[in-house]
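A.B. asks: final35.pdb is reproduced in full below (PDB, C-alpha atoms).
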ATOM      1  CA  MET A   5      96.562 -18.958  30.589
ATOM      2  CA  SER A   6      99.503 -16.844  31.745
ATOM      3  CA  VAL A   7      98.734 -13.157  31.345
ATOM      4  CA  VAL A   8     100.778 -10.105  32.247
ATOM      5  CA  VAL A   9      98.107  -7.681  33.430
ATOM      6  CA  ASP A  10      98.508  -3.925  33.237
ATOM      7  CA  LYS A  11      97.213  -2.667  36.594
ATOM      8  CA  ASN A  12      95.736   0.564  35.197
ATOM      9  CA  LEU A  13      93.895  -1.255  32.411
ATOM     10  CA  ALA A  14      92.656  -3.865  34.874
ATOM     11  CA  GLU A  15      91.278  -1.157  37.156
ATOM     12  CA  MET A  16      89.650   0.650  34.227
ATOM     13  CA  LEU A  17      87.980  -2.564  33.064
ATOM     14  CA  ALA A  18      86.842  -3.598  36.539
ATOM     15  CA  LYS A  19      85.375  -0.148  37.211
ATOM     16  CA  GLY A  20      83.538  -0.143  33.876
ATOM     17  CA  LEU A  21      82.111  -3.622  34.421
ATOM     18  CA  ALA A  22      80.918  -2.613  37.895
ATOM     19  CA  GLU A  23      79.196   0.475  36.490
ATOM     20  CA  MET A  24      77.382  -1.715  33.961
ATOM     21  CA  GLY A  25      76.434  -4.261  36.629
ATOM     22  CA  LEU A  26      78.393  -7.080  34.991
ATOM     23  CA  ASP A  27      79.931  -9.662  37.313
ATOM     24  CA  LEU A  28      82.843 -11.280  35.466
ATOM     25  CA  SER A  29      85.517 -13.414  37.111
ATOM     26  CA  ILE A  30      89.138 -12.318  37.333
ATOM     27  CA  GLU A  31      89.945 -14.998  34.738
ATOM     28  CA  GLN A  32      87.379 -13.540  32.342
ATOM     29  CA  GLN A  33      88.671 -10.011  32.935
ATOM     30  CA  ASN A  34      92.231 -11.180  32.287
ATOM     31  CA  LYS A  35      91.125 -12.790  29.014
ATOM     32  CA  LEU A  36      89.495  -9.540  27.944
ATOM     33  CA  LEU A  37      92.732  -7.674  28.682
ATOM     34  CA  ALA A  38      94.757 -10.358  26.888
ATOM     35  CA  TYR A  39      92.516  -9.800  23.851
ATOM     36  CA  VAL A  40      93.360  -6.081  23.981
ATOM     37  CA  GLY A  41      97.050  -7.032  24.160
ATOM     38  CA  LEU A  42      96.745  -9.207  21.054
ATOM     39  CA  LEU A  43      94.839  -6.500  19.234
ATOM     40  CA  GLU A  44      97.495  -3.916  20.069
ATOM     41  CA  LYS A  45     100.262  -6.277  18.918
ATOM     42  CA  TRP A  46      98.638  -7.271  15.625
ATOM     43  CA  ASN A  47      97.468  -3.740  14.938
ATOM     44  CA  LYS A  48     101.054  -2.576  14.468
ATOM     45  CA  THR A  49     101.328  -4.749  11.368
ATOM     46  CA  TYR A  50      97.778  -5.297  10.156
ATOM     47  CA  SER A  51      96.023  -2.002  11.035
ATOM     48  CA  LEU A  52      92.918  -3.768  12.310
ATOM     49  CA  THR A  53      91.524  -0.766  14.192
ATOM     50  CA  ALA A  54      92.096   2.987  14.140
ATOM     51  CA  ILE A  55      92.175   2.931  17.949
ATOM     52  CA  ARG A  56      95.747   2.053  18.848
ATOM     53  CA  GLU A  57      96.028   2.828  22.566
ATOM     54  CA  PRO A  58      95.017   0.009  24.967
ATOM     55  CA  GLU A  59      93.517   2.537  27.399
ATOM     56  CA  ARG A  60      91.097   3.583  24.617
ATOM     57  CA  MET A  61      90.463   0.003  23.501
ATOM     58  CA  VAL A  62      88.994  -0.874  26.910
ATOM     59  CA  PRO A  63      85.949   1.437  26.610
ATOM     60  CA  HIS A  64      85.689   1.496  22.799
ATOM     61  CA  HIS A  65      86.067  -2.242  22.182
ATOM     62  CA  LEU A  66      85.553  -4.173  25.424
ATOM     63  CA  LEU A  67      82.905  -2.214  27.322
ATOM     64  CA  ASP A  68      81.120  -1.158  24.136
ATOM     65  CA  SER A  69      80.827  -4.821  23.097
ATOM     66  CA  LEU A  70      79.625  -5.930  26.542
ATOM     67  CA  ALA A  71      77.076  -3.138  27.034
ATOM     68  CA  PRO A  72      74.228  -5.087  25.299
ATOM     69  CA  LEU A  73      74.579  -8.123  27.608
ATOM     70  CA  ALA A  74      71.857  -7.076  30.035
ATOM     71  CA  LYS A  75      69.466  -6.625  27.089
ATOM     72  CA  LEU A  76      70.092 -10.067  25.579
ATOM     73  CA  PRO A  77      68.646 -13.459  26.634
ATOM     74  CA  ASP A  78      70.101 -14.946  29.797
ATOM     75  CA  HIS A  79      70.393 -18.508  28.519
ATOM     76  CA  ALA A  80      72.607 -20.570  26.228
ATOM     77  CA  LEU A  81      72.206 -19.639  22.579
ATOM     78  CA  ARG A  82      73.765 -19.587  19.125
ATOM     79  CA  MET A  83      74.879 -16.132  17.996
ATOM     80  CA  LEU A  84      76.289 -14.891  14.699
ATOM     81  CA  ASP A  85      78.507 -11.788  14.631
ATOM     82  CA  VAL A  86      78.332 -10.483  11.051
ATOM     83  CA  GLY A  87      81.261  -8.451   9.732
ATOM     84  CA  SER A  88      83.100  -9.256  12.934
ATOM     85  CA  GLY A  89      86.303  -7.552  11.783
ATOM     86  CA  PHE A  90      88.820  -7.835  14.617
ATOM     87  CA  GLY A  91      86.271  -9.593  16.847
ATOM     88  CA  THR A  92      83.808  -7.090  18.273
ATOM     89  CA  PRO A  93      81.369  -7.674  19.749
ATOM     90  CA  GLY A  94      81.885 -11.436  19.330
ATOM     91  CA  ILE A  95      85.088 -12.098  21.277
ATOM     92  CA  PRO A  96      84.186 -10.043  24.381
ATOM     93  CA  LEU A  97      80.705 -11.609  24.404
ATOM     94  CA  ALA A  98      82.169 -15.111  24.103
ATOM     95  CA  ILE A  99      84.489 -14.444  27.048
ATOM     96  CA  ALA A 100      81.618 -13.088  29.150
ATOM     97  CA  ARG A 101      79.192 -15.879  28.173
ATOM     98  CA  PRO A 102      81.039 -19.193  27.792
ATOM     99  CA  ASP A 103      77.657 -20.953  27.539
ATOM    100  CA  TRP A 104      76.957 -19.182  24.238
ATOM    101  CA  GLN A 105      78.180 -20.556  20.910
ATOM    102  CA  LEU A 106      79.394 -17.737  18.673
ATOM    103  CA  THR A 107      80.273 -17.691  14.997
ATOM    104  CA  LEU A 108      82.372 -14.768  13.782
ATOM    105  CA  LEU A 109      81.834 -14.099  10.086
ATOM    106  CA  ASP A 110      83.983 -11.843   7.929
ATOM    107  CA  SER A 111      85.078 -11.931   4.295
ATOM    108  CA  ASN A 112      88.479 -10.348   5.007
ATOM    109  CA  HIS A 113      91.172 -13.050   5.266
ATOM    110  CA  LYS A 114      93.560 -10.782   7.173
ATOM    111  CA  LYS A 115      90.958 -10.185   9.861
ATOM    112  CA  THR A 116      89.831 -13.805  10.148
ATOM    113  CA  THR A 117      93.485 -14.868  10.456
ATOM    114  CA  PHE A 118      93.713 -12.603  13.493
ATOM    115  CA  LEU A 119      90.425 -13.963  14.866
ATOM    116  CA  ARG A 120      91.607 -17.560  14.620
ATOM    117  CA  GLN A 121      94.893 -16.734  16.335
ATOM    118  CA  ALA A 122      93.089 -14.816  19.077
ATOM    119  CA  ILE A 123      90.651 -17.598  19.920
ATOM    120  CA  LEU A 124      93.550 -20.079  19.900
ATOM    121  CA  GLU A 125      95.657 -18.010  22.308
ATOM    122  CA  LEU A 126      92.695 -17.110  24.510
ATOM    123  CA  LYS A 127      91.479 -20.731  24.515
ATOM    124  CA  LEU A 128      87.930 -19.827  23.509
ATOM    125  CA  ASP A 129      86.303 -23.107  22.537
ATOM    126  CA  ASN A 130      82.851 -21.533  22.126
ATOM    127  CA  ILE A 131      83.824 -19.563  18.989
ATOM    128  CA  SER A 132      84.113 -20.587  15.364
ATOM    129  CA  VAL A 133      85.406 -18.337  12.587
ATOM    130  CA  VAL A 134      84.097 -18.288   9.015
ATOM    131  CA  THR A 135      85.767 -16.467   6.115
ATOM    132  CA  ASP A 136      82.952 -15.837   3.657
ATOM    133  CA  ARG A 137      80.573 -13.242   2.287
ATOM    134  CA  VAL A 138      77.419 -13.177   4.399
ATOM    135  CA  GLU A 139      75.086 -13.799   1.446
ATOM    136  CA  ALA A 140      77.082 -16.904   0.477
ATOM    137  CA  TYR A 141      77.265 -18.400   3.972
ATOM    138  CA  GLN A 142      75.018 -21.454   4.347
ATOM    139  CA  PRO A 143      75.301 -23.050   7.810
ATOM    140  CA  GLU A 144      73.437 -26.247   8.679
ATOM    141  CA  THR A 145      71.288 -24.486  11.286
ATOM    142  CA  GLY A 146      70.207 -20.901  11.860
ATOM    143  CA  PHE A 147      71.131 -18.550  14.687
ATOM    144  CA  GLN A 148      68.929 -17.371  17.550
ATOM    145  CA  ILE A 149      70.674 -13.986  17.637
ATOM    146  CA  ILE A 150      72.355 -12.206  14.712
ATOM    147  CA  THR A 151      74.337  -9.158  15.713
ATOM    148  CA  SER A 152      76.639  -6.640  14.083
ATOM    149  CA  ARG A 153      78.632  -3.587  15.030
ATOM    150  CA  ALA A 154      78.777  -1.077  12.166
ATOM    151  CA  PHE A 155      78.311  -3.722   9.456
ATOM    152  CA  ALA A 156      75.532  -2.124   7.400
ATOM    153  CA  GLU A 157      72.345  -0.109   7.638
ATOM    154  CA  LEU A 158      69.456  -2.031   9.197
ATOM    155  CA  SER A 159      67.590  -2.753   5.953
ATOM    156  CA  GLU A 160      70.730  -4.145   4.298
ATOM    157  CA  PHE A 161      71.688  -6.072   7.434
ATOM    158  CA  VAL A 162      68.286  -7.764   7.571
ATOM    159  CA  ARG A 163      68.194  -8.431   3.828
ATOM    160  CA  LEU A 164      71.637 -10.055   3.705
ATOM    161  CA  THR A 165      71.169 -12.217   6.800
ATOM    162  CA  GLY A 166      67.523 -13.254   6.612
ATOM    163  CA  HIS A 167      68.433 -16.796   5.556
ATOM    164  CA  LEU A 168      70.632 -17.186   8.642
ATOM    165  CA  LEU A 169      68.037 -16.406  11.323
ATOM    166  CA  ALA A 170      66.551 -19.355  13.194
ATOM    167  CA  GLU A 171      62.797 -19.577  13.656
ATOM    168  CA  GLY A 172      61.831 -17.319  16.552
ATOM    169  CA  GLY A 173      65.235 -15.617  16.492
ATOM    170  CA  GLU A 174      66.043 -11.917  16.397
ATOM    171  CA  TRP A 175      68.479  -9.436  14.961
ATOM    172  CA  ALA A 176      70.261  -7.397  17.652
ATOM    173  CA  ALA A 177      72.013  -4.556  15.847
ATOM    174  CA  LEU A 178      74.457  -2.280  17.658
ATOM    175  CA  LYS A 179      74.047   1.330  16.581
ATOM    176  CA  GLY A 180      75.286   4.762  17.630
ATOM    177  CA  VAL A 181      72.625   7.486  17.663
ATOM    178  CA  TYR A 182      68.978   6.388  17.605
ATOM    179  CA  PRO A 183      68.536   5.142  13.997
ATOM    180  CA  TYR A 184      65.141   6.703  13.197
ATOM    181  CA  GLU A 185      65.743   6.782   9.448
ATOM    182  CA  GLU A 186      67.156   3.251   9.250
ATOM    183  CA  ILE A 187      64.150   1.900  11.158
ATOM    184  CA  ALA A 188      61.755   3.751   8.844
ATOM    185  CA  LEU A 189      63.429   2.127   5.817
ATOM    186  CA  LEU A 190      63.131  -1.462   7.080
ATOM    187  CA  PRO A 191      61.361  -3.729   4.579
ATOM    188  CA  ALA A 192      57.982  -5.359   5.029
ATOM    189  CA  GLY A 193      58.092  -8.658   6.856
ATOM    190  CA  VAL A 194      60.214  -7.486   9.780
ATOM    191  CA  HIS A 195      59.326  -5.515  12.880
ATOM    192  CA  VAL A 196      61.288  -3.563  15.504
ATOM    193  CA  VAL A 197      60.277  -4.905  18.914
ATOM    194  CA  GLY A 198      62.484  -2.608  20.966
ATOM    195  CA  VAL A 199      65.378  -0.153  20.983
ATOM    196  CA  ASP A 200      67.542  -0.079  24.112
ATOM    197  CA  SER A 201      69.663   2.920  25.034
ATOM    198  CA  LEU A 202      73.053   1.679  26.250
ATOM    199  CA  SER A 203      75.441   3.423  28.607
ATOM    200  CA  VAL A 204      79.137   2.691  28.060
ATOM    201  CA  PRO A 205      81.516   3.886  30.792
ATOM    202  CA  GLY A 206      84.323   6.004  29.377
ATOM    203  CA  LEU A 207      82.553   6.533  26.074
ATOM    204  CA  ASP A 208      81.002   9.940  25.471
ATOM    205  CA  ALA A 209      78.717   8.839  22.656
ATOM    206  CA  GLU A 210      75.223   7.495  22.137
ATOM    207  CA  ARG A 211      74.777   3.747  21.815
ATOM    208  CA  HIS A 212      71.614   1.810  21.008
ATOM    209  CA  LEU A 213      70.679  -1.841  20.575
ATOM    210  CA  VAL A 214      67.921  -2.422  18.015
ATOM    211  CA  HIS A 215      65.866  -5.637  18.296
ATOM    212  CA  VAL A 216      64.254  -6.757  15.045
ATOM    213  CA  VAL A 217      62.185  -9.885  14.380
ATOM    214  CA  LYS A 218      60.404 -11.418  11.417
ATOM    215  CA  VAL A 219      56.677 -10.772  11.294
ATOM    216  CA  VAL A 220      54.845 -14.044  11.904
TER     217      VAL A 220
END
I need this file expressed as structure tokens, please.
C.D. replies:
Amino acid sequence: MSVVVDKNLAEMLAKGLAEMGLDLSIEQQNKLLAYVGLLEKWNKTYSLTAIREPERMVPHHLLDSLAPLAKLPDHALRMLDVGSGFGTPGIPLAIARPDWQLTLLDSNHKKTTFLRQAILELKLDNISVVTDRVEAYQPETGFQIITSRAFAELSEFVRLTGHLLAEGGEWAALKGVYPYEEIALLPAGVHVVGVDSLSVPGLDAERHLVHVVKVV
């Protein structure tokens, strides 16, 4: 893949990855930056994200999406990104973990059109895109990890996606401030097994990863 790399963005990304202890190849870093380039280009017409400057997209979209990696299983798995929007955290995670199989689900045709074009241009063969409402989606097999970034409150997230979780799987929800109230409102039959505090270089905001499982 031929990529014109902005030196400042490349340095910002490399520094952020180093601070998070993530060892990604130059090819992977270039793909992440190419994704930012596509997002900036499409955003001018489709208004996919309120963040328009590439130098802000690196921490807000790339590093923020990659921050949970150290807290997720270190083996091949099937992951579902619900309400993926313009592809976070799914696309950055797929670039960082080519051994994972990711499905990006969103009901917005405009956004899934962008997702399909992005994975085509970035040559990401470990991603599939589904345009559907989450409650209507019926895949042949469940997912070991179901994640989301600002899709819904935890109780709604769990309720809408319960039929999509594989046996022994977990929900890994990306949240801002510690979601005390959302956790308290979770329904019976599920249990929070951990909440990780995440540090995102260049982002002056709280980030947490909430791990939820079904009660056996």
A.B. asks: Can you measure CA of Leu97 in chain A to CA of Leu109 in chain A for me? One decimal in Å is fine.
C.D. replies: 14.6 Å
A.B. asks: Excluding same-chain residues fewer than 6 positions from range 144-147 of chain A, what lies within 9 Å of it counting all atoms listed in the file, as a list in words?
C.D. replies: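 That gives Leu81, Arg82, Met83, Leu84, His167, Leu168, Leu169, Ala170, Glu171, Gly173 and Glu174 of chain A.
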A.B. asks: Rank A:Tyr182, A:Tyr39, A:Trp104, A:Tyr141 by their smallest atom-to-atom distance to Ala122 in chain A, using all atoms listed in the file, and report the top residue only.
C.D. replies: A:Tyr39
A.B. asks: When the PyMOL selection byres ((chain A and resi 158) around 7) is applied to the structure above, which residues does it catch, written out as a list in words?
C.D. replies: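 That selection, the PyMOL selection byres ((chain A and resi 158) around 7), comes back as Ala156, Glu157, Ser159, Glu160, Phe161, Val162, Glu186, Ile187 and Leu190 of chain A.
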A.B. asks: For those residues, write C-alpha atoms to a file as a CSV table (one decimal), in the coordinates of the input.
C.D. replies:
chain,number,residue,atom,x,y,z
A,156,ALA,CA,75.5,-2.1,7.4
A,157,GLU,CA,72.3,-0.1,7.6
A,159,SER,CA,67.6,-2.8,6.0
A,160,GLU,CA,70.7,-4.1,4.3
A,161,PHE,CA,71.7,-6.1,7.4
A,162,VAL,CA,68.3,-7.8,7.6
A,186,GLU,CA,67.2,3.3,9.2
A,187,ILE,CA,64.2,1.9,11.2
A,190,LEU,CA,63.1,-1.5,7.1
A.B. asks: Report the distance between CA of Glu31 in chain A and CA of Ile99 in chain A in Å, rounded to one decimal place.
C.D. replies: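 That distance, rounded to one decimal, is 9.4 Å.
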A.B. asks: Between CA of Gly206 in chain A and CA of Gln121 in chain A, what distance in Å does the model show, to one decimal?
C.D. replies: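 These two atoms are separated by 28.3 Å.
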A.B. asks: I would like the residues chosen by the PyMOL selection byres ((chain A and resi 19) around 12) on the shown file; could you give them as a PyMOL selection string?
C.D. replies: chain A and resi 12-18+20-28+33+62-63+67+204-206
A.B. asks: Evaluating the PyMOL selection byres ((chain A and resi 80) around 9) on the displayed file yields which residues, as a count of residues only?
C.D. replies: 10
A.B. asks: Would you be able to write out as an NGL selection string which residues have an atom within 7 Å of (84.3, -17.5, 5.9) in the file's coordinates, counting only C-alpha atoms?
C.D. replies: :A and (109-111 or 133-137)
A.B. asks: Could you give me, as a compact mmCIF listing (two decimals) with C-alpha atoms, keeping the file's coordinate frame, the residues that have an atom at most 7 Å away from the point (75.0, 7.1, 18.7) in the coordinates of the file, using only C-alpha atoms?
C.D. replies:
# COMPACT_ATOMS: atom_id res chain seq x y z
CA LYS A 179 74.05 1.33 16.58
CA GLY A 180 75.29 4.76 17.63
CA VAL A 181 72.62 7.49 17.66
CA TYR A 182 68.98 6.39 17.60
CA ALA A 209 78.72 8.84 22.66
CA GLU A 210 75.22 7.50 22.14
CA ARG A 211 74.78 3.75 21.82
CA HIS A 212 71.61 1.81 21.01
A.B. asks: With N, CA, C and O atoms as the target, complete range 168-189 of chain A and hand it back as a CSV table (one decimal), in the coordinates of the input.
C.D. replies:
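Result written to result15.csv:
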chain,number,residue,atom,x,y,z
A,168,LEU,N,69.8,-16.7,7.6
A,168,LEU,CA,70.6,-17.2,8.6
A,168,LEU,C,69.9,-17.2,10.0
A,168,LEU,O,70.4,-17.7,11.0
A,169,LEU,N,68.8,-16.5,10.1
A,169,LEU,CA,68.0,-16.4,11.3
A,169,LEU,C,67.2,-17.6,11.6
A,169,LEU,O,66.4,-18.1,10.8
A,170,ALA,N,67.4,-18.2,12.8
A,170,ALA,CA,66.6,-19.4,13.2
A,170,ALA,C,65.1,-18.9,13.4
A,170,ALA,O,64.8,-17.8,13.7
A,171,GLU,N,64.2,-19.9,13.4
A,171,GLU,CA,62.8,-19.6,13.7
A,171,GLU,C,62.7,-19.0,15.1
A,171,GLU,O,63.2,-19.6,16.0
A,172,GLY,N,62.0,-17.9,15.2
A,172,GLY,CA,61.8,-17.3,16.6
A,172,GLY,C,63.0,-16.5,17.0
A,172,GLY,O,63.0,-16.0,18.1
A,173,GLY,N,64.0,-16.4,16.1
A,173,GLY,CA,65.2,-15.6,16.5
A,173,GLY,C,65.1,-14.1,16.3
A,173,GLY,O,64.0,-13.7,15.9
A,174,GLU,N,66.1,-13.4,16.6
A,174,GLU,CA,66.0,-11.9,16.4
A,174,GLU,C,67.4,-11.4,15.9
A,174,GLU,O,68.4,-11.9,16.2
A,175,TRP,N,67.3,-10.2,15.3
A,175,TRP,CA,68.5,-9.4,15.0
A,175,TRP,C,68.7,-8.5,16.1
A,175,TRP,O,67.7,-7.9,16.6
A,176,ALA,N,69.9,-8.3,16.6
A,176,ALA,CA,70.3,-7.4,17.7
A,176,ALA,C,71.4,-6.5,17.1
A,176,ALA,O,72.6,-6.9,17.2
A,177,ALA,N,71.0,-5.4,16.5
A,177,ALA,CA,72.0,-4.6,15.8
A,177,ALA,C,72.5,-3.5,16.8
A,177,ALA,O,71.7,-2.7,17.4
A,178,LEU,N,73.8,-3.3,16.9
A,178,LEU,CA,74.5,-2.3,17.7
A,178,LEU,C,74.6,-1.0,16.8
A,178,LEU,O,75.2,-1.1,15.7
A,179,LYS,N,74.0,0.1,17.3
A,179,LYS,CA,74.0,1.3,16.6
A,179,LYS,C,74.5,2.5,17.5
A,179,LYS,O,74.6,2.3,18.7
A,180,GLY,N,74.9,3.6,16.9
A,180,GLY,CA,75.3,4.8,17.6
A,180,GLY,C,74.1,5.6,18.0
A,180,GLY,O,73.3,5.2,19.0
A,181,VAL,N,73.8,6.7,17.4
A,181,VAL,CA,72.6,7.5,17.7
A,181,VAL,C,71.4,6.7,17.3
A,181,VAL,O,71.4,5.8,16.5
A,182,TYR,N,70.2,7.1,17.9
A,182,TYR,CA,69.0,6.4,17.6
A,182,TYR,C,68.7,6.4,16.1
A,182,TYR,O,68.6,7.5,15.5
A,183,PRO,N,68.6,5.2,15.5
A,183,PRO,CA,68.5,5.1,14.0
A,183,PRO,C,67.1,5.3,13.4
A,183,PRO,O,66.6,4.4,12.8
A,184,TYR,N,66.5,6.5,13.7
A,184,TYR,CA,65.1,6.7,13.2
A,184,TYR,C,65.0,6.4,11.7
A,184,TYR,O,64.0,5.7,11.3
A,185,GLU,N,65.9,6.9,10.9
A,185,GLU,CA,65.7,6.8,9.4
A,185,GLU,C,65.9,5.3,9.0
A,185,GLU,O,65.2,4.8,8.2
A,186,GLU,N,66.9,4.7,9.6
A,186,GLU,CA,67.2,3.3,9.2
A,186,GLU,C,65.9,2.4,9.6
A,186,GLU,O,65.6,1.5,8.9
A,187,ILE,N,65.3,2.7,10.7
A,187,ILE,CA,64.2,1.9,11.2
A,187,ILE,C,63.0,2.1,10.2
A,187,ILE,O,62.3,1.2,9.8
A,188,ALA,N,62.8,3.4,9.8
A,188,ALA,CA,61.8,3.8,8.8
A,188,ALA,C,61.9,3.1,7.5
A,188,ALA,O,60.9,2.8,6.8
A,189,LEU,N,63.2,2.7,7.1
A,189,LEU,CA,63.4,2.1,5.8
A,189,LEU,C,63.4,0.6,5.8
A,189,LEU,O,63.7,0.0,4.8
